[in-house]
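Enquirer: Handing you a structure now.
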Amino acid sequence: MLTNLSRTDAHFKSQQRGDPDLTFVEKYKIAHEILLKNPSKFLERFQDYLNLEDLNYFEKFYGNYEIDFYVLHIKQNLNKVTSAKIVKNRRYSAMQKLVSEGDYFSEDEMKYRDPLLYEDMVGQYLTSDEIQSCVDKTDLKFSTILLKHIDQLEENKLYYQQKQSQDIDQDEYDDNIDEDKPDEEEDDDESELESDEDEKPKIPEQEKQQLKAEFLQIMQEKFLSGEDTNFFDYSQVDKNNEYDSLATIEQDEQEKYFDED
């Protein structure tokens, strides 16, 4: 316990500006002295740096009000941290599974979940040809087309709701969202199409790919933080210990991922 504690940046004693940092030995001696003279003060000062195994030392003091108070407080905090870490691990494992399956974190699905962010980071930079290439023409059944149209209406609705939440003028919102209004026929005037294409912001392809990667990372972070409640049932993961083994296998990769945040 004292060895691990002496390796931390805990507050061992007051020092004046310019004083040299305490050495490992000095930290150890100070902590040991406090522990022997006043164990409750030791718990109060170093509570954020102790683990459950460390608390075994204080069993002989149980019945002392201050000792009992700090031990209970430390255990409660450790349980919260442990529970939060378990949930984080399980969600990370679930995310890895979803990534490997390909659908949930596909560009279309992420666009559906956050159309405004997609437009800001990806959509506004796509050319007409790139947009057309994203259209799935493999299944032209009426039922499939109808479902896609319904999804598009929902996506458009969410997009303008997001715009409204950013204090976009209400009139602009009303003009742009009208689910009952039939689509207007496309204008075949070539000059207008070229004009629209010219008005789009242009960035290098490398920057496009970087923005796509950043968009994916943001969507993954939103998933991990629990912001996808409208699209994903977190209870199937957070309370599911089947994801624990996956979390253990991927622990090194996961820790690296969170360290980069």
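Starting from 1 in every chain, residues are counted up; chains themselves are A, B, ... following the order of the structure tokens, and ligands are numbered from 1 as listed.
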List the neighbours of A:Lys97 out to 10 Å using only C-alpha atoms; skip same-chain residues closer than 5 positions along the sequence, and give me the result as number ranges by chain.
Expert: A: 91-92, 102, 104, 243, 246
Enquirer: Set the distance at 10 Å and use only C-alpha atoms: which residues neighbour stretch 21-37 of chain A once local chain neighbours fewer than 6 positions away are removed? I'd like the list as a ChimeraX atom specification.
Expert: /A:1-13,15,43,45-46
Enquirer: Just the number, please: distance in Å from atom CA of A:Asn241 to atom CA of A:Val99, one decimal.
Expert: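 One can read the atom CA of A:Asn241 to atom CA of A:Val99 distance as 19.7 Å.
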Enquirer: What's the separation between atom CA of A:Asp48 and atom CA of A:Tyr62, in Å to one decimal place?
Expert: 19.8 Å
Enquirer: Kindly give the distance, in Å, that separates atom CA of A:Phe231 and atom CA of A:Met95, rounded to a single decimal.
Expert: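 Between atom CA of A:Phe231 and atom CA of A:Met95 the gap works out to 13.4 Å.
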